[in-house]
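Take a look at the structure below.
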Amino acid sequence: MTMKRIMLVCSAGMSTSLLVTKMEKAAEARGMEADIFAVSASEADAKLNDPENPVDVLLLGPQVRFMKAQFDEKLAGKNIPLEVIDMKDYGMMNGESVLDTAITLMDQ
């Protein structure tokens, strides 16, 4: 399995960093190679347009779910799945479950 890049987008990139850590631990426990990182909504465009480091899946934090349509447009034709992180999983910082969501999206 090749390295997967999972990008989480939230309003400032702070609260999501704890979730990233939990997701990294879950990926490591599964022997999965993953580059999981969080960015603010304003940094997302630069990361999405970096040809050397393509993003495999994009997850939006619940606090920026209103931006989903905007990201749908940005991702048109890029073959990058997009989903809003489940509010309960986010609130409980359930890295396992959010990683499962990312994997499911990438496998579609």
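So you can find residues: chains in the structure tokens are A, B, ... in the order shown, residues in each start at 1, and ligands are numbered from 1 in order.
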
Q: Determine, counting only C-alpha atoms, which protein, DNA and RNA residues have an atom within 9 Å of an atom of Leu99 of chain A; residues of the same chain fewer than 4 positions away are not included. Present the result as number ranges by chain.
A: A: 6, 23-24, 26-27, 94-95, 103-104

Selection to disk with N, CA and C atoms, as a JSON list (two decimals), in the first residue's frame:
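Final output, saved to part_36.json:
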[["chain", "number", "residue", "atom", "x", "y", "z"],
["A", 6, "ILE", "N", -3.86, 12.36, 3.90],
["A", 6, "ILE", "CA", -5.20, 12.69, 4.40],
["A", 6, "ILE", "C", -5.15, 14.11, 4.96],
["A", 23, "MET", "N", -5.39, 9.96, 14.84],
["A", 23, "MET", "CA", -5.48, 9.24, 13.57],
["A", 23, "MET", "C", -4.13, 8.61, 13.20],
["A", 24, "GLU", "N", -3.04, 9.35, 13.45],
["A", 24, "GLU", "CA", -1.70, 8.83, 13.16],
["A", 24, "GLU", "C", -1.43, 7.58, 13.99],
["A", 26, "ALA", "N", -3.66, 5.51, 15.19],
["A", 26, "ALA", "CA", -4.52, 4.44, 14.66],
["A", 26, "ALA", "C", -3.91, 3.86, 13.38],
["A", 27, "ALA", "N", -3.38, 4.73, 12.51],
["A", 27, "ALA", "CA", -2.77, 4.27, 11.26],
["A", 27, "ALA", "C", -1.52, 3.44, 11.55],
["A", 94, "ASN", "N", -12.26, 10.72, 18.04],
["A", 94, "ASN", "CA", -12.18, 9.30, 17.71],
["A", 94, "ASN", "C", -11.35, 9.10, 16.43],
["A", 95, "GLY", "N", -10.04, 9.04, 16.60],
["A", 95, "GLY", "CA", -9.13, 8.91, 15.47],
["A", 95, "GLY", "C", -9.36, 7.66, 14.65],
["A", 103, "ILE", "N", -10.38, 5.99, 4.90],
["A", 103, "ILE", "CA", -10.03, 4.78, 4.14],
["A", 103, "ILE", "C", -11.20, 4.38, 3.22],
["A", 104, "THR", "N", -12.41, 4.41, 3.77],
["A", 104, "THR", "CA", -13.60, 4.06, 2.98],
["A", 104, "THR", "C", -13.72, 4.98, 1.77]]

Q: Among the residues of chain A, find those DSSP assigns to strand (DSSP E or B) from the backbone and print them as a list in words.
A: Lys4, Arg5, Ile6, Met7, Leu8, Val9, Cys10, Ala34, Asp35, Ile36, Phe37, Ala38, Val39, Ser40, Val57, Leu58, Leu59, Leu60, Leu82, Glu83 and Val84 of chain A

(Q) Let me make sure I understand: among A:Ser97, A:Ser11, A:Gln108, A:Thr21, which one has the smallest atom-to-atom distance to Asp35 of chain A if we use only C-alpha atoms? (A)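 Of the candidates, the smallest distance to Asp35 of chain A is held by A:Thr21.
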
Q | Distance of atom CA of Gly31 of chain A from atom CA of Leu82 of chain A, expressed in Å to one decimal place | A |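 Separating atom CA of Leu82 of chain A from atom CA of Gly31 of chain A is a distance of 23.8 Å.
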
Q.
Taking 3 positions as the minimum chain separation for residues in the same chain, which residues sit within 10 Å of Val55 of chain A when counting only C-alpha atoms? Answer as an MDAnalysis selection string.
A. chainID A and resid 4:7 35:36 47:52 58 78:81

Q: Could you tell me how far atom CA of Met93 of chain A lies from atom CA of Val64 of chain A, in Å and to one decimal?
A: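 Pair atom CA of Met93 of chain A / atom CA of Val64 of chain A returns 16.3 Å.
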
Q: Using backbone DSSP assignments, extract all alpha helix (DSSP H) residues from segment 23-91 of chain A; output them as a PyMOL selection string.
A: chain A and resi 23-29+41-48+68-75+87-91

For the residues in that selection, give me C-alpha atoms as a PDB file, in the first residue's frame.
ATOM      1  CA  MET A  23      -5.481   9.237  13.572  1.00  0.00           C
ATOM      2  CA  GLU A  24      -1.701   8.829  13.157  1.00  0.00           C
ATOM      3  CA  LYS A  25      -1.619   6.448  16.140  1.00  0.00           C
ATOM      4  CA  ALA A  26      -4.515   4.444  14.658  1.00  0.00           C
ATOM      5  CA  ALA A  27      -2.768   4.270  11.260  1.00  0.00           C
ATOM      6  CA  GLU A  28       0.494   3.203  12.889  1.00  0.00           C
ATOM      7  CA  ALA A  29      -1.285   0.454  14.841  1.00  0.00           C
ATOM      8  CA  ALA A  41      -9.431  26.690   5.433  1.00  0.00           C
ATOM      9  CA  SER A  42      -7.256  29.507   4.048  1.00  0.00           C
ATOM     10  CA  GLU A  43      -4.230  27.180   3.657  1.00  0.00           C
ATOM     11  CA  ALA A  44      -6.208  24.394   1.971  1.00  0.00           C
ATOM     12  CA  ASP A  45      -5.939  25.726  -1.601  1.00  0.00           C
ATOM     13  CA  ALA A  46      -2.124  25.728  -1.594  1.00  0.00           C
ATOM     14  CA  LYS A  47      -2.040  22.135  -0.320  1.00  0.00           C
ATOM     15  CA  LEU A  48      -4.622  20.990  -2.881  1.00  0.00           C
ATOM     16  CA  LYS A  68     -18.471  21.818   1.666  1.00  0.00           C
ATOM     17  CA  ALA A  69     -20.049  23.179  -1.539  1.00  0.00           C
ATOM     18  CA  GLN A  70     -17.063  25.497  -1.998  1.00  0.00           C
ATOM     19  CA  PHE A  71     -14.653  22.560  -1.655  1.00  0.00           C
ATOM     20  CA  ASP A  72     -16.816  20.400  -3.945  1.00  0.00           C
ATOM     21  CA  GLU A  73     -16.201  23.034  -6.647  1.00  0.00           C
ATOM     22  CA  LYS A  74     -12.454  23.227  -5.945  1.00  0.00           C
ATOM     23  CA  LEU A  75     -12.151  19.449  -6.152  1.00  0.00           C
ATOM     24  CA  MET A  87     -19.720  15.526  14.744  1.00  0.00           C
ATOM     25  CA  LYS A  88     -19.694  12.779  17.380  1.00  0.00           C
ATOM     26  CA  ASP A  89     -16.360  11.357  16.209  1.00  0.00           C
ATOM     27  CA  TYR A  90     -14.897  14.854  16.135  1.00  0.00           C
ATOM     28  CA  GLY A  91     -16.190  15.739  19.588  1.00  0.00           C
TER      29      GLY A  91
END

(Q) What's around Met14 of chain A at 9 Å? Count only C-alpha atoms, leave out sequence neighbours fewer than 5 positions away in its own chain, and write the answer as a PyMOL selection string. (A) chain A and resi 38-40

Can you write just those residues out, C-alpha atoms, as a CSV table (one decimal), in the first residue's frame?
chain,number,residue,atom,x,y,z
A,38,ALA,CA,-4.5,19.6,9.4
A,39,VAL,CA,-4.7,23.0,7.8
A,40,SER,CA,-6.8,26.1,8.1

Q.
So, with only C-alpha atoms as the atoms that count, which of A:Ile85, A:Asn53, A:Leu19, A:Ala102 lies closest to Arg65 of chain A?
A.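 Distance minimum relative to Arg65 of chain A lands on A:Ile85.
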
Q) For Val57 of chain A, which residue among A:Asp107, A:Asp86, A:Glu96, A:Glu33 is the nearest when counting only C-alpha atoms? A)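 Closest to Val57 of chain A, using only C-alpha atoms: A:Asp107.
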
Q: Using only C-alpha atoms, pick whichever of A:Met32, A:Leu59, A:Val9, A:Ser15 has the shortest atom-to-atom distance to Glu83 of chain A.
A: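 Between A:Met32, A:Leu59, A:Val9, A:Ser15, the residue approaching Glu83 of chain A most closely is A:Leu59.
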
(Q) Between atom CA of Asp56 of chain A and atom CA of Leu105 of chain A, what distance in Å does the model show, to one decimal? (A)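 Computed distance, atom CA of Asp56 of chain A to atom CA of Leu105 of chain A, equals 9.2 Å.
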
(Q) Calculated over only C-alpha atoms, which of the candidates A:Asp100, A:Cys10, A:Met3, A:Ala34 has the smallest distance to Pro62 of chain A? (A)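 Among the listed residues, A:Cys10 lies closest to Pro62 of chain A.
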
(Q) Taking only C-alpha atoms into account, name the residue in A:Val84, A:Met67, A:Thr2, A:Leu60 that is nearest to Thr16 of chain A. (A)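 Of A:Val84, A:Met67, A:Thr2, A:Leu60, the one nearest Thr16 of chain A, counting only C-alpha atoms, is A:Leu60.
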